[in-house]
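Student: Supplied structure: query_5.txt, compact mmCIF, C-alpha atoms.
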# COMPACT_ATOMS: atom_id res chain seq x y z
CA MET A 1 -116.20 35.13 27.57
CA LEU A 2 -119.81 36.23 27.04
CA PHE A 3 -120.97 32.80 28.20
CA TYR A 4 -119.42 33.23 31.64
CA THR A 5 -120.48 36.82 32.22
CA VAL A 6 -124.02 36.69 30.87
CA MET A 7 -125.11 33.23 29.80
CA LYS A 8 -123.77 30.94 32.51
CA PRO A 9 -126.34 31.95 35.19
CA LEU A 10 -129.15 31.53 32.64
CA VAL A 11 -127.81 28.13 31.53
CA GLN A 12 -127.56 27.01 35.16
CA VAL A 13 -131.24 27.79 35.66
CA ALA A 14 -132.16 26.20 32.31
CA LEU A 15 -130.33 22.95 33.12
CA ARG A 16 -131.96 22.75 36.54
CA VAL A 17 -135.31 23.05 34.78
CA PHE A 18 -134.48 20.69 31.90
CA PHE A 19 -133.13 17.88 34.08
CA ARG A 20 -135.12 16.40 36.94
CA GLN A 21 -131.85 15.59 38.72
CA LEU A 22 -128.27 16.57 37.95
CA GLU A 23 -125.96 14.75 40.36
CA VAL A 24 -122.17 15.10 40.47
CA ARG A 25 -120.09 12.50 42.30
CA HIS A 26 -116.89 13.96 43.77
CA PRO A 27 -117.76 17.57 42.82
CA GLU A 28 -114.65 18.79 44.67
CA ARG A 29 -112.49 17.25 41.92
CA LEU A 30 -114.14 19.59 39.42
CA GLN A 31 -113.12 22.61 41.51
CA GLN A 32 -109.38 21.95 41.73
CA PRO A 33 -107.22 24.76 40.34
CA GLY A 34 -105.72 24.73 36.86
CA PRO A 35 -103.94 24.06 34.70
CA LEU A 36 -106.43 21.29 34.06
CA LEU A 37 -107.52 19.23 31.03
CA ILE A 38 -110.99 17.68 31.43
CA CYS A 39 -111.59 14.58 29.29
CA SER A 40 -115.15 13.28 28.95
CA ASN A 41 -117.29 10.95 26.89
CA HIS A 42 -119.53 12.71 24.38
CA PRO A 43 -123.07 11.28 24.09
CA ASN A 44 -125.08 14.51 23.87
CA THR A 45 -123.26 17.07 21.67
CA LEU A 46 -123.61 20.62 23.00
CA MET A 47 -125.26 19.50 26.24
CA ASP A 48 -122.09 17.79 27.51
CA PRO A 49 -119.91 20.94 27.75
CA LEU A 50 -122.78 22.85 29.37
CA VAL A 51 -123.15 20.20 32.07
CA ALA A 52 -119.44 20.52 32.86
CA ALA A 53 -119.33 24.33 32.65
CA VAL A 54 -122.15 24.99 35.12
CA ASN A 55 -120.53 22.69 37.70
CA ARG A 56 -117.05 24.29 37.66
CA ARG A 57 -116.48 27.76 39.07
CA GLN A 58 -113.40 28.50 36.95
CA PRO A 59 -114.11 29.19 33.24
CA ILE A 60 -113.55 26.31 30.82
CA ALA A 61 -112.37 26.54 27.22
CA PHE A 62 -113.76 23.83 24.93
CA LEU A 63 -112.13 22.11 21.98
CA ALA A 64 -114.87 21.67 19.36
CA LYS A 65 -114.80 20.34 15.82
CA SER A 66 -114.01 23.02 13.26
CA THR A 67 -117.18 22.45 11.20
CA PHE A 68 -119.15 24.16 13.99
CA PHE A 69 -117.26 27.37 13.15
CA GLN A 70 -118.10 27.48 9.41
CA ASN A 71 -121.49 29.14 9.89
CA PRO A 72 -120.99 32.81 10.95
CA VAL A 73 -123.84 32.75 13.48
CA LEU A 74 -122.79 29.45 15.01
CA ARG A 75 -119.18 30.61 14.99
CA ALA A 76 -120.11 33.68 17.05
CA ILE A 77 -122.00 31.49 19.52
CA MET A 78 -119.11 29.03 19.82
CA GLU A 79 -116.52 31.75 20.32
CA SER A 80 -118.68 33.53 22.90
CA GLY A 81 -118.83 30.19 24.70
CA ASN A 82 -115.03 30.10 24.93
CA SER A 83 -114.63 27.36 22.29
CA ILE A 84 -111.49 26.58 20.25
CA PRO A 85 -111.78 24.82 16.85
CA ILE A 86 -109.96 21.53 16.35
CA TYR A 87 -109.48 20.25 12.80
CA ARG A 88 -110.25 16.56 12.37
CA ARG A 89 -108.83 14.38 9.61
CA GLN A 90 -112.21 12.74 8.94
CA ASP A 91 -113.71 16.17 8.16
CA VAL A 92 -110.95 16.82 5.63
CA ASP A 93 -111.32 13.35 4.09
CA SER A 94 -115.11 13.77 3.76
CA GLY A 95 -114.82 17.25 2.25
CA ALA A 96 -116.60 18.93 5.17
CA GLU A 97 -113.41 20.92 5.85
CA LYS A 98 -111.60 22.43 2.82
CA LEU A 99 -108.00 21.85 3.87
CA THR A 100 -105.07 19.92 2.51
CA PRO A 101 -103.33 17.43 4.86
CA GLU A 102 -100.46 19.92 5.23
CA GLN A 103 -102.84 22.76 6.11
CA LEU A 104 -104.63 20.47 8.57
CA GLU A 105 -101.37 19.75 10.37
CA ALA A 106 -100.40 23.43 10.44
CA MET A 107 -103.80 24.53 11.77
CA ASN A 108 -103.75 21.98 14.57
CA GLU A 109 -100.21 22.92 15.53
CA LYS A 110 -101.49 26.47 15.91
CA ILE A 111 -104.42 25.25 18.01
CA PHE A 112 -102.05 23.21 20.18
CA GLY A 113 -100.07 26.41 20.75
CA ARG A 114 -103.22 28.21 21.91
CA CYS A 115 -103.87 25.37 24.35
CA TYR A 116 -100.31 25.56 25.68
CA ASP A 117 -100.70 29.30 26.26
CA TYR A 118 -104.00 28.71 28.04
CA PHE A 119 -102.42 26.15 30.35
CA ASP A 120 -99.49 28.51 31.04
CA LYS A 121 -102.02 30.90 32.56
CA GLY A 122 -103.50 28.17 34.78
CA GLY A 123 -106.56 27.71 32.57
CA THR A 124 -108.95 24.76 32.14
CA ILE A 125 -109.71 23.10 28.79
CA MET A 126 -112.29 20.41 28.08
CA ILE A 127 -111.88 17.90 25.26
CA PHE A 128 -113.89 14.90 24.08
CA PRO A 129 -111.29 12.29 23.05
CA GLU A 130 -113.81 10.10 21.20
CA GLY A 131 -113.78 12.77 18.50
CA THR A 132 -117.50 12.39 17.76
CA SER A 133 -120.84 12.45 19.55
CA VAL A 134 -123.12 9.41 19.45
CA GLN A 135 -126.09 8.96 21.78
CA GLU A 136 -125.47 5.45 23.04
CA ARG A 137 -124.05 3.87 26.16
CA ARG A 138 -120.67 3.08 24.60
CA LEU A 139 -117.17 4.50 24.76
CA ARG A 140 -115.67 4.75 21.31
CA PRO A 141 -111.91 4.41 20.74
CA LEU A 142 -110.13 7.50 22.06
CA LYS A 143 -108.00 9.72 19.86
CA THR A 144 -104.53 10.57 21.20
CA GLY A 145 -105.01 14.33 20.78
CA ALA A 146 -105.78 14.97 24.45
CA ALA A 147 -102.65 13.12 25.58
CA ARG A 148 -100.47 14.84 22.96
CA ILE A 149 -101.72 18.29 24.00
CA ALA A 150 -101.11 17.53 27.69
CA LEU A 151 -97.63 16.08 27.11
CA GLY A 152 -96.66 18.91 24.78
CA ALA A 153 -97.75 21.54 27.31
CA GLU A 154 -95.71 19.87 30.05
CA ALA A 155 -92.67 19.32 27.80
CA ARG A 156 -92.48 23.10 27.22
CA HIS A 157 -91.82 23.46 30.95
CA ASP A 158 -89.64 20.35 31.38
CA PHE A 159 -92.62 18.67 33.11
CA ARG A 160 -92.81 21.26 35.89
CA LEU A 161 -96.07 22.91 34.79
CA GLY A 162 -98.29 20.86 37.13
CA LEU A 163 -100.91 20.05 34.48
CA ARG A 164 -103.43 17.39 35.44
CA ILE A 165 -105.95 15.47 33.35
CA LEU A 166 -109.40 14.98 34.88
CA PRO A 167 -111.31 12.07 33.26
CA MET A 168 -115.03 11.96 33.86
CA GLY A 169 -118.12 10.10 32.68
CA ILE A 170 -121.43 11.76 31.82
CA ASN A 171 -124.29 9.28 32.20
CA TYR A 172 -127.69 10.33 30.82
CA PHE A 173 -130.68 8.22 31.82
CA ASP A 174 -132.77 9.38 28.85
CA PRO A 175 -130.72 12.00 26.95
CA SER A 176 -133.36 13.56 24.69
CA ARG A 177 -136.27 13.60 27.17
CA PHE A 178 -137.26 16.68 29.17
CA ARG A 179 -137.07 16.18 32.97
CA SER A 180 -134.80 13.15 32.79
CA ASP A 181 -131.66 12.64 34.92
CA VAL A 182 -127.92 13.05 34.36
CA PHE A 183 -125.16 11.65 36.56
CA VAL A 184 -121.65 13.14 36.28
CA ASN A 185 -119.02 10.74 37.64
CA VAL A 186 -115.64 12.44 38.15
CA ALA A 187 -112.47 10.31 38.34
CA GLU A 188 -109.23 10.99 40.18
CA PRO A 189 -106.94 13.32 38.22
CA ILE A 190 -103.85 12.12 36.35
CA ALA A 191 -100.57 13.98 36.88
CA VAL A 192 -99.11 14.41 33.39
CA ALA A 193 -95.61 14.78 34.88
CA ASP A 194 -95.73 11.08 35.78
CA TYR A 195 -95.20 10.36 32.07
CA ALA A 196 -92.06 12.49 31.74
CA THR A 197 -89.59 9.59 31.53
CA ARG A 198 -91.64 7.73 28.93
CA TYR A 199 -92.10 10.90 26.90
CA ARG A 200 -88.36 11.57 26.77
CA GLN A 201 -87.78 8.01 25.60
CA ASP A 202 -90.65 7.79 23.09
CA PRO A 203 -93.26 10.58 22.76
CA GLU A 204 -95.68 8.45 20.73
CA ALA A 205 -95.55 5.57 23.21
CA ALA A 206 -96.11 8.02 26.07
CA ALA A 207 -99.17 9.47 24.31
CA ASP A 208 -100.55 5.96 23.76
CA ALA A 209 -99.99 5.01 27.42
CA LEU A 210 -101.59 8.22 28.70
CA THR A 211 -104.56 7.77 26.36
CA GLU A 212 -105.03 4.22 27.66
CA GLU A 213 -105.04 5.47 31.25
CA ILE A 214 -107.63 8.15 30.36
CA ARG A 215 -109.77 5.46 28.71
CA ARG A 216 -109.48 3.13 31.71
CA ARG A 217 -110.59 5.81 34.19
CA MET A 218 -113.44 6.97 31.95
CA GLU A 219 -114.72 3.41 31.51
CA GLN A 220 -114.88 2.97 35.29
CA ARG A 221 -117.19 6.02 35.48
CA LEU A 222 -119.60 4.98 32.73
CA VAL A 223 -122.35 2.47 32.02
CA ILE A 224 -121.10 0.77 28.85
CA THR A 225 -123.21 -1.75 26.92
CA ARG A 226 -121.89 -3.96 24.11
CA THR A 227 -124.97 -4.18 21.88
CA ASP A 228 -128.35 -2.51 21.39
CA GLU A 229 -130.06 -5.72 22.58
CA GLU A 230 -128.06 -5.75 25.81
CA ASP A 231 -128.77 -2.05 26.34
CA GLU A 232 -132.51 -2.58 25.82
CA LEU A 233 -132.64 -5.48 28.29
CA VAL A 234 -130.75 -3.63 31.03
CA THR A 235 -132.75 -0.44 30.47
CA GLN A 236 -136.05 -2.33 30.79
CA VAL A 237 -134.95 -3.91 34.07
CA GLU A 238 -133.64 -0.57 35.42
CA ARG A 239 -136.76 1.42 34.67
CA THR A 240 -139.31 -1.25 35.54
CA PHE A 241 -137.92 -3.12 38.53
CA GLY A 242 -135.02 -1.00 39.76
CA GLN A 243 -136.82 -0.23 43.02
CA HIS A 244 -136.89 -3.97 43.83
CA LEU A 245 -133.13 -4.36 43.29
CA ILE A 246 -131.77 -1.26 45.06
CA GLN A 247 -131.64 -1.94 48.79
CA ASP A 248 -131.67 1.73 49.82
CA ASP A 249 -134.60 3.92 50.83
CA ASP A 250 -132.65 7.11 49.99
CA GLU A 251 -132.06 6.24 46.34
CA THR A 252 -129.56 8.42 44.46
CA LEU A 253 -128.41 8.56 40.85
CA TYR A 254 -125.19 6.90 42.00
CA ASP A 255 -127.30 3.97 43.25
CA ASN A 256 -128.90 3.74 39.81
CA PHE A 257 -125.47 3.91 38.18
CA GLN A 258 -124.21 1.08 40.37
CA LEU A 259 -127.34 -0.95 39.61
CA SER A 260 -126.79 -0.53 35.86
CA ARG A 261 -123.18 -1.68 36.07
CA THR A 262 -124.14 -4.64 38.26
CA LEU A 263 -126.92 -5.63 35.84
CA LEU A 264 -124.49 -5.59 32.93
CA LYS A 265 -122.04 -7.80 34.82
CA ALA A 266 -124.90 -10.14 35.77
CA VAL A 267 -126.13 -10.37 32.16
CA ARG A 268 -122.64 -11.35 31.01
CA TYR A 269 -122.31 -13.84 33.86
CA PHE A 270 -125.60 -15.58 32.98
CA GLU A 271 -124.75 -15.56 29.27
CA GLU A 272 -121.76 -17.72 30.16
CA HIS A 273 -123.13 -19.83 33.03
CA ASP A 274 -126.93 -19.99 32.71
CA ALA A 275 -128.10 -18.78 29.30
CA GLY A 276 -131.47 -20.51 29.78
CA ARG A 277 -132.39 -18.38 32.78
CA LEU A 278 -131.30 -15.22 30.97
CA GLY A 279 -133.36 -16.14 27.91
CA GLU A 280 -136.40 -16.86 30.07
CA ALA A 281 -136.11 -13.50 31.83
CA ARG A 282 -135.65 -11.68 28.51
CA GLU A 283 -138.75 -13.31 26.96
CA LYS A 284 -140.97 -12.72 29.99
CA LEU A 285 -139.83 -9.13 30.34
CA GLN A 286 -140.55 -8.45 26.67
CA ALA A 287 -144.00 -10.06 26.90
CA TYR A 288 -144.79 -8.06 30.05
CA HIS A 289 -143.86 -4.75 28.40
CA GLU A 290 -145.87 -5.59 25.28
CA GLU A 291 -148.97 -6.28 27.40
CA LEU A 292 -148.45 -3.02 29.34
CA HIS A 293 -148.24 -1.17 26.02
CA ARG A 294 -151.45 -2.79 24.72
CA LEU A 295 -153.28 -1.81 27.90
CA ARG A 296 -151.75 1.71 27.90
CA LEU A 297 -150.36 1.21 31.39
CA THR A 298 -147.02 1.58 33.12
CA ASP A 299 -145.52 -0.68 35.75
CA ASP A 300 -145.86 2.11 38.34
CA ALA A 301 -149.64 1.96 37.98
CA LEU A 302 -149.58 -1.68 39.16
CA GLU A 303 -147.29 -1.00 42.12
CA THR A 304 -149.01 -1.55 45.46
CA ARG A 305 -147.11 -0.68 48.60
CA GLY A 306 -148.24 -0.79 52.17
CA PRO A 307 -151.56 -2.01 53.65
CA SER A 308 -154.79 -1.47 51.74
CA GLY A 309 -155.99 1.09 54.29
CA GLY A 310 -152.85 3.15 53.71
CA ARG A 311 -153.31 2.94 49.96
CA LEU A 312 -156.89 4.17 50.29
CA ARG A 313 -155.81 7.14 52.40
CA ARG A 314 -153.09 8.03 49.91
CA ALA A 315 -155.55 7.75 47.01
CA VAL A 316 -158.08 10.02 48.75
CA SER A 317 -155.35 12.52 49.70
CA ALA A 318 -154.03 12.56 46.12
CA GLY A 319 -157.54 13.09 44.76
CA VAL A 320 -158.21 16.00 47.11
CA ARG A 321 -154.90 17.64 46.16
CA LEU A 322 -155.73 17.29 42.47
CA VAL A 323 -159.15 18.88 42.93
CA LEU A 324 -157.89 21.75 45.07
CA GLY A 325 -154.87 22.33 42.84
CA ALA A 326 -156.82 22.37 39.56
CA PRO A 327 -157.29 26.19 39.40
CA LEU A 328 -153.58 26.80 39.98
CA TYR A 329 -152.75 24.13 37.39
CA LEU A 330 -154.98 25.79 34.80
CA TYR A 331 -153.37 29.17 35.52
CA GLY A 332 -149.89 27.72 35.04
CA LEU A 333 -150.94 25.75 31.97
CA ILE A 334 -152.46 28.76 30.20
CA ASN A 335 -149.44 30.96 30.89
CA SER A 336 -146.70 28.42 30.10
CA TYR A 337 -148.16 26.03 27.50
CA LEU A 338 -146.78 27.69 24.36
CA PRO A 339 -143.21 28.32 25.59
CA TYR A 340 -143.22 24.73 26.88
CA LYS A 341 -144.41 23.12 23.63
CA ILE A 342 -142.49 25.18 21.08
CA PRO A 343 -138.96 23.88 21.97
CA SER A 344 -139.99 20.27 21.43
CA LEU A 345 -141.69 21.07 18.11
CA VAL A 346 -138.68 23.05 16.89
CA ALA A 347 -136.18 20.35 17.93
CA ARG A 348 -138.11 17.50 16.29
CA SER A 349 -138.52 19.43 13.04
CA ALA A 350 -134.99 20.88 12.99
CA THR A 351 -133.02 17.64 13.25
CA LYS A 352 -133.25 13.89 12.83
CA ASP A 353 -130.11 13.38 14.93
CA VAL A 354 -131.17 12.46 18.46
CA GLU A 355 -127.87 13.83 19.80
CA PHE A 356 -128.99 17.37 18.91
CA VAL A 357 -132.57 17.18 20.24
CA ALA A 358 -131.80 18.04 23.88
CA PRO A 359 -129.46 21.02 23.24
CA ILE A 360 -131.90 22.50 20.70
CA MET A 361 -134.75 22.12 23.17
CA LEU A 362 -132.66 23.77 25.88
CA VAL A 363 -131.62 26.76 23.77
CA VAL A 364 -135.07 27.31 22.23
CA GLY A 365 -136.65 26.91 25.67
CA MET A 366 -134.42 29.63 27.11
CA ILE A 367 -135.59 31.92 24.29
CA THR A 368 -139.29 31.05 24.40
CA PHE A 369 -139.74 31.19 28.16
CA THR A 370 -137.78 34.44 28.46
CA GLY A 371 -139.58 36.03 25.52
CA PHE A 372 -143.09 34.89 26.44
CA TYR A 373 -142.76 35.72 30.13
CA LEU A 374 -141.39 39.19 29.45
CA GLY A 375 -143.99 39.83 26.75
CA GLN A 376 -146.86 38.66 28.94
CA THR A 377 -145.61 40.79 31.83
CA ALA A 378 -145.43 43.83 29.54
CA LEU A 379 -149.05 43.22 28.53
CA VAL A 380 -150.15 43.03 32.17
CA HIS A 381 -148.39 46.32 32.88
CA HIS A 382 -149.96 47.86 29.78
CA PHE A 383 -153.50 46.93 30.79
CA THR A 384 -153.19 47.49 34.55
CA GLY A 385 -150.78 50.41 34.55
CA SER A 386 -149.25 48.99 37.74
CA TRP A 387 -145.64 47.83 38.07
CA LEU A 388 -146.57 46.03 41.31
CA TRP A 389 -149.16 43.83 39.57
CA ALA A 390 -146.76 43.27 36.68
CA LEU A 391 -144.01 42.17 39.10
CA LEU A 392 -146.33 39.85 41.02
CA TYR A 393 -147.53 38.35 37.75
CA PHE A 394 -143.94 37.84 36.52
CA VAL A 395 -142.94 36.07 39.75
CA SER A 396 -146.00 33.83 39.52
CA LEU A 397 -145.13 32.56 36.03
CA PRO A 398 -142.19 30.20 36.78
CA LEU A 399 -143.72 29.10 40.09
CA THR A 400 -147.04 28.10 38.59
CA GLY A 401 -145.32 26.72 35.49
CA PHE A 402 -143.37 24.28 37.67
CA TYR A 403 -146.51 23.46 39.60
CA ALA A 404 -148.42 22.74 36.39
CA LEU A 405 -145.64 20.38 35.25
CA SER A 406 -145.74 18.50 38.56
CA TYR A 407 -149.54 18.46 38.59
CA ALA A 408 -149.68 17.02 35.07
CA GLY A 409 -147.36 14.17 36.09
CA ASN A 410 -149.46 13.40 39.17
CA LEU A 411 -152.65 13.57 37.12
CA ARG A 412 -151.31 11.10 34.54
CA SER A 413 -150.24 8.75 37.32
CA ARG A 414 -153.66 8.96 38.98
CA LEU A 415 -155.48 8.35 35.68
CA ARG A 416 -153.38 5.24 35.00
CA ARG A 417 -154.25 3.90 38.45
CA LEU A 418 -157.93 4.56 37.77
CA ARG A 419 -157.51 2.67 34.50
CA VAL A 420 -156.17 -0.29 36.47
CA LEU A 421 -159.28 -0.23 38.67
CA ARG A 422 -161.53 -0.06 35.60
CA LEU A 423 -159.72 -3.01 34.01
CA PHE A 424 -160.08 -4.92 37.26
CA ARG A 425 -163.87 -4.51 37.01
CA GLN A 426 -164.19 -5.03 33.25
CA GLN A 427 -161.42 -7.55 32.46
CA PRO A 428 -160.39 -9.10 35.80
CA GLN A 429 -158.83 -12.21 34.27
CA ARG A 430 -156.59 -10.19 31.94
CA LEU A 431 -155.42 -7.92 34.74
CA GLU A 432 -154.81 -10.86 37.07
CA ALA A 433 -152.72 -12.51 34.35
CA LEU A 434 -150.68 -9.32 34.02
CA LEU A 435 -150.11 -9.16 37.78
CA ARG A 436 -148.99 -12.81 37.74
CA GLN A 437 -146.52 -11.93 34.97
CA ARG A 438 -145.18 -9.12 37.10
CA THR A 439 -144.87 -11.24 40.23
CA GLU A 440 -143.05 -13.97 38.30
CA LEU A 441 -140.64 -11.42 36.83
CA VAL A 442 -139.85 -9.93 40.23
CA ARG A 443 -139.23 -13.45 41.58
CA LEU A 444 -136.94 -14.32 38.67
CA LEU A 445 -134.93 -11.11 39.04
CA ARG A 446 -134.53 -11.50 42.80
CA GLU A 447 -133.41 -15.11 42.41
CA ALA A 448 -130.98 -14.10 39.69
CA ARG A 449 -129.65 -11.30 41.89
CA ALA A 450 -129.10 -13.70 44.80
CA THR A 451 -127.40 -16.24 42.54
CA TYR A 452 -125.11 -13.62 41.02
CA LEU A 453 -124.14 -12.05 44.35
CA ALA A 454 -123.40 -15.51 45.80
CA LYS A 455 -121.17 -16.61 42.93
Taking this structure as input, can you express it in the form of structure tokens?

Tutor:
Amino acid sequence: MLFYTVMKPLVQVALRVFFRQLEVRHPERLQQPGPLLICSNHPNTLMDPLVAAVNRRQPIAFLAKSTFFQNPVLRAIMESGNSIPIYRRQDVDSGAEKLTPEQLEAMNEKIFGRCYDYFDKGGTIMIFPEGTSVQERRLRPLKTGAARIALGAEARHDFRLGLRILPMGINYFDPSRFRSDVFVNVAEPIAVADYATRYRQDPEAAADALTEEIRRRMEQRLVITRTDEEDELVTQVERTFGQHLIQDDDETLYDNFQLSRTLLKAVRYFEEHDAGRLGEAREKLQAYHEELHRLRLTDDALETRGPSGGRLRRAVSAGVRLVLGAPLYLYGLINSYLPYKIPSLVARSATKDVEFVAPIMLVVGMITFTGFYLGQTALVHHFTGSWLWALLYFVSLPLTGFYALSYAGNLRSRLRRLRVLRLFRQQPQRLEALLRQRTELVRLLREARATYLAK
């Protein structure tokens, strides 16, 4: 339980830093009392259980693949995080787990017993029924283990335990990127006792039916693409022109989630009813992004909102803020640059699996920022001999570090807009052609949206 007594507050802070936004829809469902079995998709390895754990007050035990427990150091970390090993047949078949089929069955029966005992005490367990972690917007076929554990726990009490299954979908907008967004979409719980009659008639059929209901509720809470090409098309539209398609000034991650699901339905509709329009939009969108890449621009840099006088005032105001904020930015940059850069370097060199990049960055970042900030504060105390100055310096580090991060983003945005102005002077015809491409794309998307909504 070390995670919940020591690490959970630190992880909460780390996740709030790592993600720009972490939004939970129906958070009250995550707070209902146990016994509870949380079932989630699994796109981001160790990040997924952390996202769930920091948003539920009651401790959660996690079922994790047994290969994580083979390394003594990793085993200690997993056990301190309240994790329980589950032995998968594919690990035995591949040789990653040295067990015979009989030993596999015996070990999992023992693990099931631990889960039953945990539920008897009103505990919460989280399981990932896909059985593997892949960073893509898909839902792989679900294993029946979650349903079998839930039904077995209830059967021990003649279906009077009160165990519920809570399906949920974790939607990352850019899983391996620092300061991206994550949307946790929690479904209505399933009362396992509702499957009592089917279980008494046929336990296997009951497990299959319960697994299918878990899958159905998870699918409703996820953005699921069929192919990489479809995912790329929808992602390009979301990130480039989402603001033109969401009719809401107070945009939330749920709005973005709804937009993504609507775009996927629209793509499939036009594939069937107007493939020519879809192909035209795909080609023009690809050409537009290629030209942006060649010019080292983003779509945001071309965005013009409001009257020209208002734009001028905003540009002047932004410039003044950048000039006045430069000293504070440099202070934050000097003090936080190394602990900020090291996690990314370590993650990229430690693994080629994109699913592990974000959790490695998070863990290493917790170590580097804590170590550097404490070490730097100790040096200030050593040279000043004053605890007051050391404390003031320590408090300034995270505040100016955040400011430097925000300042850098604003500076990059302002430089791209200045690049647009320079291109307008030096290559006006090329820039005008790009703006025409953009206008045509916005028109096509709005017409397609109106056609789809009117169908």

Student: Could you tell me which of A:Leu431, A:Ala196, A:Met7, A:Leu142 comes closest to Met218 (chain A) if we count all atoms listed in the file?

Tutor: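 Nearest candidate to Met218 (chain A) out of A:Leu431, A:Ala196, A:Met7, A:Leu142: A:Leu142.
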
Student: Between CA of Arg16 (chain A) and CA of Arg261 (chain A), what is the distance, to one decimal in Å?

Tutor: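 Taking CA of Arg16 (chain A) and CA of Arg261 (chain A), their separation equals 26.0 Å.
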
Student: Write out as a short mmCIF file (atom, residue, chain, number, x, y, z; two decimals) with C-alpha atoms, keeping the file's coordinate frame the residues lying within 12 Å of Leu415 (chain A), counting all atoms listed in the file and excluding same-chain residues fewer than 2 positions away.

Tutor:
data_model
loop_
_atom_site.label_atom_id
_atom_site.label_comp_id
_atom_site.auth_asym_id
_atom_site.auth_seq_id
_atom_site.Cartn_x
_atom_site.Cartn_y
_atom_site.Cartn_z
CA ARG A 296 -151.75 1.71 27.90
CA LEU A 297 -150.36 1.21 31.39
CA THR A 298 -147.02 1.58 33.12
CA ASP A 300 -145.86 2.11 38.34
CA ALA A 301 -149.64 1.96 37.98
CA ALA A 315 -155.55 7.75 47.01
CA ALA A 318 -154.03 12.56 46.12
CA GLY A 319 -157.54 13.09 44.76
CA LEU A 322 -155.73 17.29 42.47
CA ALA A 408 -149.68 17.02 35.07
CA GLY A 409 -147.36 14.17 36.09
CA ASN A 410 -149.46 13.40 39.17
CA LEU A 411 -152.65 13.57 37.12
CA ARG A 412 -151.31 11.10 34.54
CA SER A 413 -150.24 8.75 37.32
CA ARG A 417 -154.25 3.90 38.45
CA LEU A 418 -157.93 4.56 37.77
CA ARG A 419 -157.51 2.67 34.50
CA VAL A 420 -156.17 -0.29 36.47
CA LEU A 421 -159.28 -0.23 38.67
CA ARG A 422 -161.53 -0.06 35.60
#

Student: For each of A:His42, A:Leu63, A:Tyr269, A:Arg29, take the minimum atom-to-atom distance to Leu453 (chain A), counting all atoms listed in the file, then give the residue where this is smallest.

Tutor: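 Checking each candidate against Leu453 (chain A), we get A:Tyr269 as the closest.
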
Student: What is the CA of Ala266 (chain A) to CA of Glu290 (chain A) distance in Å?

Tutor: 23.9 Å

Student: Closest to Arg179 (chain A) among A:Ile367, A:Leu379, A:Leu30, A:Leu22, using only C-alpha atoms?

Tutor: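 Under the stated criterion, the closest residue is A:Leu22.
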
Student: Would you list the contacts of Asp117 (chain A) as a VMD selection string, taking every protein, DNA or RNA residue within 10 Å and counting only C-alpha atoms, but skipping same-chain residues closer than 6 positions in sequence?

Tutor: chain A and resid 111 123 153

Student: Would you compute the distance between CA of Ile342 (chain A) and CA of Val6 (chain A)? Give it in Å to one decimal.

Tutor: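 CA of Val6 (chain A) lies at a distance of 23.9 Å from CA of Ile342 (chain A).
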
Student: I want to know what sits within 9 Å of Phe241 (chain A), based on all atoms listed in the file, with residues of the same chain fewer than 6 positions away left out; could you give that as a VMD selection string?

Tutor: chain A and resid 299 441 to 442 445

Student: If we count only C-alpha atoms, what is near region 209-216 of chain A at a cut-off of 7 Å, once residues fewer than 2 positions away on the same chain are taken out, given as a PyMOL selection string?

Tutor: chain A and resi 142+144+147+167+205-207+218-220

Student: So which residues touch region 277-283 of chain A within 8 Å, counting all atoms listed in the file, skipping near sequence neighbours fewer than 6 positions away, as a PyMOL selection string?

Tutor: chain A and resi 233+267+270-271+441+444-445

Student: Those same residues, written as an mmCIF file, keeping the file's coordinate frame with C-alpha atoms?

Tutor:
data_model
loop_
_atom_site.group_PDB
_atom_site.id
_atom_site.type_symbol
_atom_site.label_atom_id
_atom_site.label_comp_id
_atom_site.auth_asym_id
_atom_site.auth_seq_id
_atom_site.Cartn_x
_atom_site.Cartn_y
_atom_site.Cartn_z
ATOM 1 C CA LEU A 233 -132.640 -5.480 28.290
ATOM 2 C CA VAL A 267 -126.130 -10.370 32.160
ATOM 3 C CA PHE A 270 -125.600 -15.580 32.980
ATOM 4 C CA GLU A 271 -124.750 -15.560 29.270
ATOM 5 C CA LEU A 441 -140.640 -11.420 36.830
ATOM 6 C CA LEU A 444 -136.940 -14.320 38.670
ATOM 7 C CA LEU A 445 -134.930 -11.110 39.040
#

Student: Between A:Arg446, A:Lys341, A:Arg436, A:His382, which one has atoms that come closest to Leu302 (chain A), using only C-alpha atoms?

Tutor: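 Nearest candidate to Leu302 (chain A) out of A:Arg446, A:Lys341, A:Arg436, A:His382: A:Arg436.
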
Student: Point out the residue among A:Leu161, A:Leu423, A:Tyr87, A:Val234 with the least atom-to-atom distance to Glu109 (chain A), counting all atoms listed in the file.

Tutor: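 Of A:Leu161, A:Leu423, A:Tyr87, A:Val234, the one nearest Glu109 (chain A), counting all atoms listed in the file, is A:Tyr87.
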
Student: Smallest atom-to-atom distance to Pro27 (chain A): which of A:Val184, A:Val51, A:Thr262, A:Ser83, using only C-alpha atoms?

Tutor: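 Closest residue, counting only C-alpha atoms: A:Val184.
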